Structures are given as C-alpha cells and as structure tokens.
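Below: the structure, in structure tokens.
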Amino acid sequence: MDIFLQFDLPSILLGSLAALACGLLGNFLVLRKQALMGDAISHVVLPGIVLGFLFSHSTGSWAMMLGAGAAAIFAVLLIELIRRVGNVEPGAAMGVVFTTMFAAGVVILERTGTAGVHLDVEHALYGNLESAIWLDAYSLSDLWNWQALSTLPESIQQLFVVNLLIIAFIVLFFKELKISSFDPLLSASLGFSPKWLGLALIVMVAVAAVAAFSAVGSILVIAMFICPAATARMLTDNLKVQLVLSGIASLSAGLFGYLLAAFGPGLLGYEFSVSAAGMIAVVAGLQQLLAMLFAPHYGVIMRRRRQKKHAVA
Amino acid sequence: MEQFFAALTLSAGYNTALVCIGAALLGAASGAIGVFVLLRKRTLISDAVSHATLPGVALAFIIAQIYFDAGRSLPVLLFGAALSAGIGVLAVDWIKAHTRLTEDAAIGTVLSTFFAVGMVLLTVIQSLSLTGQAGLEGFLLGATSGMLRSEALTIAVAAALVGFAVVLRMKEFSLLCFDEAFAAASGYNVRWLDRTLLLLLLGIVVIGLKTVGLVLIIALAIIPPVAARFWTDRVPVLVAIAAGIGASGSYIGAALSASAPNMPTGGLIVLVLFGFFVVSLLISPVRGILAAALKHYRFQRIVHLRQGLLAIAHEEPVLEPLTRSILRRGGFMSGDGQPTVKGQSEARLIERDQKLWNLYREMHPEESHALTDWSLKPIGEVLPADTVKVLEQELCPQFARTDETGNGGTN
C-alpha cells in the first residue's frame with residue numbers, strides 16, 4: 001500500500017489532472033474546428049518554457065507558466081500577422097510558426113546548456129510522469145490529512161489550481177463560449193467579441209498545455225486536447241453532457257493508462273513497465289476508436305445498420 | 001565558425017559533404033512537393049504523416065533486431081516508418097469520411113495517438129535493452145552527426161528520385177490543385193492523383209526522418225512553399241523557387257550542424273528556413289510587406305494630391321495636414337497655405353479631368369464601374385482620344401461648336 005501511495009498514486013493524479021485540464025478545454029477546440037491550435041500551442045510553448053526556466057532556474061515554476069503564456073499569445077499574433085499580411089492559408093501559417101518556435105526552443109535548450117540539467121528535449125517530448133512521488137504518504141488516511149496533502153509534488157498542486165481555473169473559466173463563460181463556438185456571427189451581434197473570447201480560450205489552452213507539459217510532454221498534450229473531446233462529441237449533441245463525458249473520458253484515460261503502463265507488461269510476464277504518458281494517450285485514442293465505432297447514434301456501426309434497414313425498407 | 005565554412009564549401013570531409021548534399025536534395029524535393037500540398041490546402045496532414053512514422057520505426061527496429069540482428073539498417077527502419085505513416089493517412093481519411101469529426105480533429109487524433117504508441121514501443125525497446133537503440137533518438141529531432149556514408153547516400157538518392165517524380169507530374173498536380181473538376185472531366189483519375197501526391201509527401205517525410213527528425217520534418221514541406229509564394233504567382237516558377245529555398249536552407253542548416261555536432265540538425269535547418277521566409281515576407285517585390293507599403297504610400301500620395309488640387313480649384317481651404325505637406329512639396333502651395341501659380345494651373349487641369357470623369361460615370365455607369373481603380377489617373381491616359389473628345393463636347397457644347405466652325409472655316 002505504501003508503495004502505491006508513494007509512487008503510483010501521485011503519477012495517477014498527475015496524469016489524470018493533466019488529462020482533465022486539457023480534455024475540458026479540448027471540447028471547444030474541437031467544436032471550433034481549432035483542434036490543431038492545440039497542436040500548435042503545445043509546440044510553441046517550448047521556447048517560452050525554456051526562457052522562463054532560464055529566468056527562474058527552477059522547473060515547475062510560475063515563471064515558466066508566464067513564459068509559455070506569453071509565447072502562446074505571441075504565436076497567435078504571429079500566425080494572424082502572417083495570415084493577413086502574406087495572405088497565407090491559416091494551416092500553413094500555423095505550420096510555419098509552430099515549427100519555427102519549437103525549433104527555436106530546442107536550439108536555445110541545447111545552446112544554453114540547460115539541456116540535461118532539469119529540462120531536456122526528451123523530457124519536452126515525452127514528459128516525466130513517473131517522476132512524481134509522494135514520500136510522506138504512509139497510509140490511506142493521509143489522503144484526508146491536510147498536512148500530508150501539502151507535501152504532494154508541486155506539479156500536482158499546480159495542476160489542481162489550473163484545473164480549478166479552467167472549470168471556473170468554463171462555468172463563468174459557458175454561454176459565451178457556447179454561442180461563439182457554434183455561431184460566431186450571432187455572438188458578435190449580441191455584443192461579445194468572439195475574437196477576444198477566442199484569445200482567452202487560447203491563453204487557457206496554453207496554461208493547460210504548460211501545466212500538463214511537464215507531466216505528459218508536448219505531443220501527448222495534443223492527444224489530451226482532442227481525444228476525450230472527440231470521444232464525447234461522438235456520444236452526444238448536448239454541450240453540457242459532452243463536457244461531463246469528456247471529463248470522465250480524460251480521468252479514465254489517466255487512470256487506466258497509468259495502470260496499464262505500470263502493471264500491463266507484468267501481467268504478460270515481463271519485468272518492465274512502459275511509458276505511462278504514452279499509454280494514457282493510447283487509452284484515450286482507444287476510447288475514441290470505441291466511441292467512433294459503437295456510439296449509439298453517430299457510431300459507424302449503428303449508422304451502417306440504419307442505412308441497411310433503410311435500404312431494405 | 002571555421003568548421004561551418006569548411007562544411008559550407010564541402011571541404012570538411014567526404015561524409016559531411018555527402019550529408020550536406022543529401023540535405024540539399026531533400027530540401028529541394030520537399031519544397032517542390034510542398035508547393036502542391038500548400039495549394040491543395042492540406043498542409044497539416046503532413047504533420048499527421050510525420051508523427052505517425054514513429055511506431056513503424058520502433059516496431060521495425062524491434063523485429064529487425066530480435067529476428068535478424070539488423071536494427072540499425074536504415075532501409076528497414078524507413079520501410080516500417082512508411083508503412084505506419086501510410087496507415088496513419090488512411091486513418092485520417094477514414095475518420096473524416098465516416099464520423100462526424102472534422103479533418104483537424106482527425107489529424108490531431110492520429111498524430112498524437114500514433115506518436116503515443118511509438119513512445120510506448122520506445123520504452124519497450126529500452127527495457128529490452130536491445131543493442132543499437134541509441135540511433136533511434138536521432139529520428140525525433142534529426143541527427144546528421146555520425147551518419148553512415150551509406151545512409152547519407154540512400155537519403156540523397158531517394159530525395160533526388162522523389163524530386164524527379166514531382167517534376168514529371170507537375171502538370172497533373174497543378175491541374176488537381178486549381179481545378180479538380182476539370183481534371184476529372186479531362187480523364188485524369190483525381191483520386192489516384194491525390195494519393196500519388198500524398199505518397200510522394202510520405203516518401204519525403206520518411207527520407208527526411210534521419211536528417212530533420214519527425215517533429216520538424218513538416219517545416220521542410222511548409223516553409224519553402226509559403227516563402228516562395230511571396231515571389232511569384234506561376235506554378236513552375238513557384239516550384240523552382242520553393243525547391244531553391246528548401247535546398248539552400250537545408251544545406252546551410254546541415255553545414256551549421258556539422259560545426260556544432262550536439263545541436264539537433266532539424267532545429268537548425270528550420271531556423272535557417274524561417275530566415276528565408278522572413279526575408280521573402282519583407283522584401284519580395286511582388287507580395288512582400290515593403291512592396292505593399294510602398295504601393296500604399298504611392299496610392300495615398302496620388303489621392304491626397306488630387307483632392308488637394310480639387311480643393312484649390314473650388315477655392316476651398318486645404319486643412320488636412322498630409323495633403324498640405326504633399327501640395328507644398330510639389331510646389332503647388334506656398335508656406336502660408338496660398339496656392340501658387342503652378343498650383344492654380346494644375347488645379348484647373350485636374351478640375352477639368354474630374355469633370356470629364358464624372359460625366360463619363362454618368363454616361364457609362366457600367367464601364368466606369370470596371371475602371372474605378374483607374375479613375376485617379378488623367379482621363380487622357382486611360383480612355384481613347386475619341387471618347388475623351390465626345391465627353392469634352394458633351395461637357396462644353398459651346399467650345400465644341402466653335403471648334404467645328406473653326407474646322408469648317410479652313411475647309
């Protein structure tokens with residue numbers, strides 16, 4: 001039990017919270033057809049994180065968060081500038097900006113010798129879920145003990161705050177987000193600018209991306225943004241239900257992904273464990289695959305069956 | 001620095017030279033294919049393709065290493081990469097066609113979950129402690145240092161082949177990009193052409209894995225065409241410029257990385273390419289920012305000058321500061337705001353011109369509508385002389401009559 005509490009539980013918490021933060025915001029990205037904005041943002045935050053780290057000399061600090069947020073806003077403005085000035089297609093403008101900023105991040109990382117100390121490229125790509133440990137936990141009762149809880153790794157506490165922030169953002173601006181996602185023109189005519197709300201959403205995405213970044217790495221953040229939301233989108237037409245479903249999907253991906261990574265190979269008779277962050281994303285992808293195939297109304301199999309029935313009739 | 005120039009002039013050893021040439025060929029081929037991917041607005045599908053290569057590479061390594069002890073063989077790894085990338089592309093198409101999810105969500109799903117599978121497999125490789133796994137790291141961000149001669153040669157030859165294929169199919173691809181329906185009606189198999197395009201793109205991604213790395217390889221297919229787009233509107237020229245930018249960017253980047261072996265090659269190449277992009281964006285005479293600003297400035301000057309002179313002709317005060325300064329600089333107005341003699345005479349000319357234009361607009365509304373942009377020029381430069389004469393007669397019948405009698409007198 002000790003080992004579970006000290007080593008497994010923190011990782012599960014970290015993975016699930018990271019998945020939840022991204023999964024909830026992902027709903028709006030998917031609805032706005034901006035799923036790849038999640039992709040772009042998760043790449044462009046790298047230079048911001050590196051600069052923030054150089055500035056503050058500690059990982060998991062708020063300086064890194066700030067740097068990442070600034071980098072995200074800079075990227076959005078740059079994409080917009082290239083799109084307008086150069087009359088370039090949005091996807092291409094995005095591609096130019098995010099590859100360049102990611103490359104800049106990688107080069108700064110190697111150049112300044114930060115690499116290998118606390119941050120390195122592999123860390124940025126893969127995350128470091130297994131490094132979360134909670135040495136002060138000895139029994140289940142510690143879960144209700146405030147003092148013991150406060151010794152949880154800083155990254156978990158940070159993610160917890162970020163999650164609260166995101167839920168507050170969604171609850172407070174639910175109506176605005178909903179209208180501007182489905183009908184930007186109506187939203188503009190009702191008096192709240194879809195542009196500003198879009199920018200606020202991107203900033204929240206950046207915050208979630210950074211908080212999740214150190215846990216699961218920049219590329220799996222994309223899976224967290226898209227897969228749970230896409231899973232939920234296959235299952236329902238109601239945005240509130242979709243949000244709840246995506247939350248459940250994220251949490252279950254975090255939980256089962258970790259368990260599968262840590263104990264799955266053991267069940268097959270191997271001694272090792274595999275990348276937990278990778279497994280979480282794989283589980284999220286599998287959930288989406290199941291939803292795409294078997295969803296009650298929009299699933300491929302149900303639709304086939306309906307078509308067949310229709311053809312017979 | 002010395003090392004960099006040595007690499008740049010191909011004198012830093014045979015291997016480095018081969019790597020640089022291979023990178024240049026790769027850049028040229030990917031720039032060329034990127035043009036069509038860009039014109040078809042499918043840029044970001046290459047992101048899914050590149051990330052989807054990872055599980056293939058890892059699986060190919062495991063199988064090759066365990067059963068044949070050939071895990072480092074580049075062709076085997078690249079074959080695996082191509083296979084899983086192909087499955088990735090099909091998956092994107094399937095999701096787009098059969099579910100309610102849009103293309104962007106499909107791309108995001110495929111790229112992240114395939115990459116995740118690859119990551120899991122990489123940790124399996126680590127745990128199995130297979131030999132030769134160190135080379136796999138290079139597939140992420142590119143590593144040309146320590147590349148074998150045979151590998152560099154494979155890359156160079158394959159890139160040249162793909163580039164050649166693109167040039168051969170240039171006409172069909174242009175048709176596909178600009179008018180798909182016409183291409184289909186002309187008897188081309190559009191579906192097959194589209195597949196060919198994606199297949200070539202996939203080829204480039206796979207070939208470039210070792211040099212640029214799978215995270216950044218898409219930059220090689222995106223940035224050169226976008227940069228080239230600022231210079232021209234013609235497809236063959238576009239392909240040539242994109243290939244040139246891709247080649248020189250990759251070449252310089254590879255040379256840079258030869259002088260700094262621990263820097264990821266992919267990152268350096270992308271930054272150099274971005275430099276080319278920024279230069280194109282700023283100074284291209286066709287669509288660059290500088291050219292656009294210059295054009296705007298000239299236009300603004302003409303409008304202000306014309307309005308200012310019209311105001312003088314109507315004996316109205318000119319209050320707008322920019323107009324005043326333009327008039328003063330042209331010598332049409334003295335320092336105290338009074339029109340000069342030159343200004344007076346020029347104002348009469350412009351007034352007449354404006355009246356003729358107004359009349360033309362009244363008489364021929366449709367034609368003049370098509371000429372809106374031209375109506376800032378003197379009417380004699382835009383319209384044929386006889387039309388202007390008719391307008392003049394209409395504007396001032398008295399003058400026209402004397403003109404006629406004058407003519408009659410000489411006869």
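To be explicit about the labels: the chains of the structure tokens are called A, B, and onward in the order shown, and within each one the residues are counted from 1, while ligands get numbers from 1 in the order they are shown.
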Could you give me, as CSV, every segment 41-114 of chain A residue with an atom at most 10 Å from segment 15-39 of chain B, plus its closest atom pair and distance in Å to one decimal, counting only C-alpha atoms, rows ordered by chain then number?
residue,atom,partner,partner_atom,distance
A:Val88,CA,B:Leu38,CA,9.4
A:Glu89,CA,B:Leu38,CA,8.1
A:Gly91,CA,B:Leu38,CA,8.9
A:Ala92,CA,B:Leu38,CA,7.0
Please identify all residues of chain A having at least one atom at most 8 Å from any atom of chain B, considering only C-alpha atoms, and return them as a VMD selection string.
chain A and resid 30 33 to 36 39 85 to 86 88 to 89 91 to 92 95 to 96 99 to 100 102 to 104 106 to 107 110 to 111 126 219 to 220 222 to 223 226 to 227 230 233 to 234 272 to 279 281 to 282 284 to 285 292 298 to 300
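You will find atom CA of Leu198 of chain B at 28.1 Å from atom CA of Ala75 of chain A.
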Can you tell me which residues surround Gly343 of chain B at a distance of at most 9 Å, considering only C-alpha atoms, apart from same-chain residues fewer than 3 positions away, and format the answer as a ChimeraX atom specification?
/B:309,312-313,327,330-333,339-340,346-348
Could you pull the residues within 10 Å of Ser181 of chain A, counting only C-alpha atoms, minus those fewer than 5 positions along the same chain, as a PyMOL selection string?
chain A and resi 27-33+175-176+187+194+197-198
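What separates atom CA of Ile301 of chain A from atom CA of Ala97 of chain B is a distance of 13.7 Å.
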Can you tell me, as a VMD selection string, what residues are no more than 8 Å from segment 377-388 of chain B when counting only C-alpha atoms, ignoring any on the same chain fewer than 4 positions away?
chain B and resid 350 353 356 to 357 392
Resulting file, chosen residues, C-alpha atoms, as a JSON list (two decimals), in the first residue's frame:
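Everything below was put into selection_20.json:
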[["chain", "number", "residue", "atom", "x", "y", "z"],
["B", 350, "ILE", "CA", -7.35, 68.35, -62.51],
["B", 353, "ASP", "CA", -10.16, 65.92, -65.62],
["B", 356, "LEU", "CA", -14.79, 64.60, -67.56],
["B", 357, "TRP", "CA", -14.56, 61.55, -65.30],
["B", 392, "GLU", "CA", -15.47, 67.22, -73.91]]
Could you please write out, as a ChimeraX atom specification, every residue of segment 277-318 of chain B that DSSP assigns to alpha helix (DSSP H)?
/B:277-283,289-313
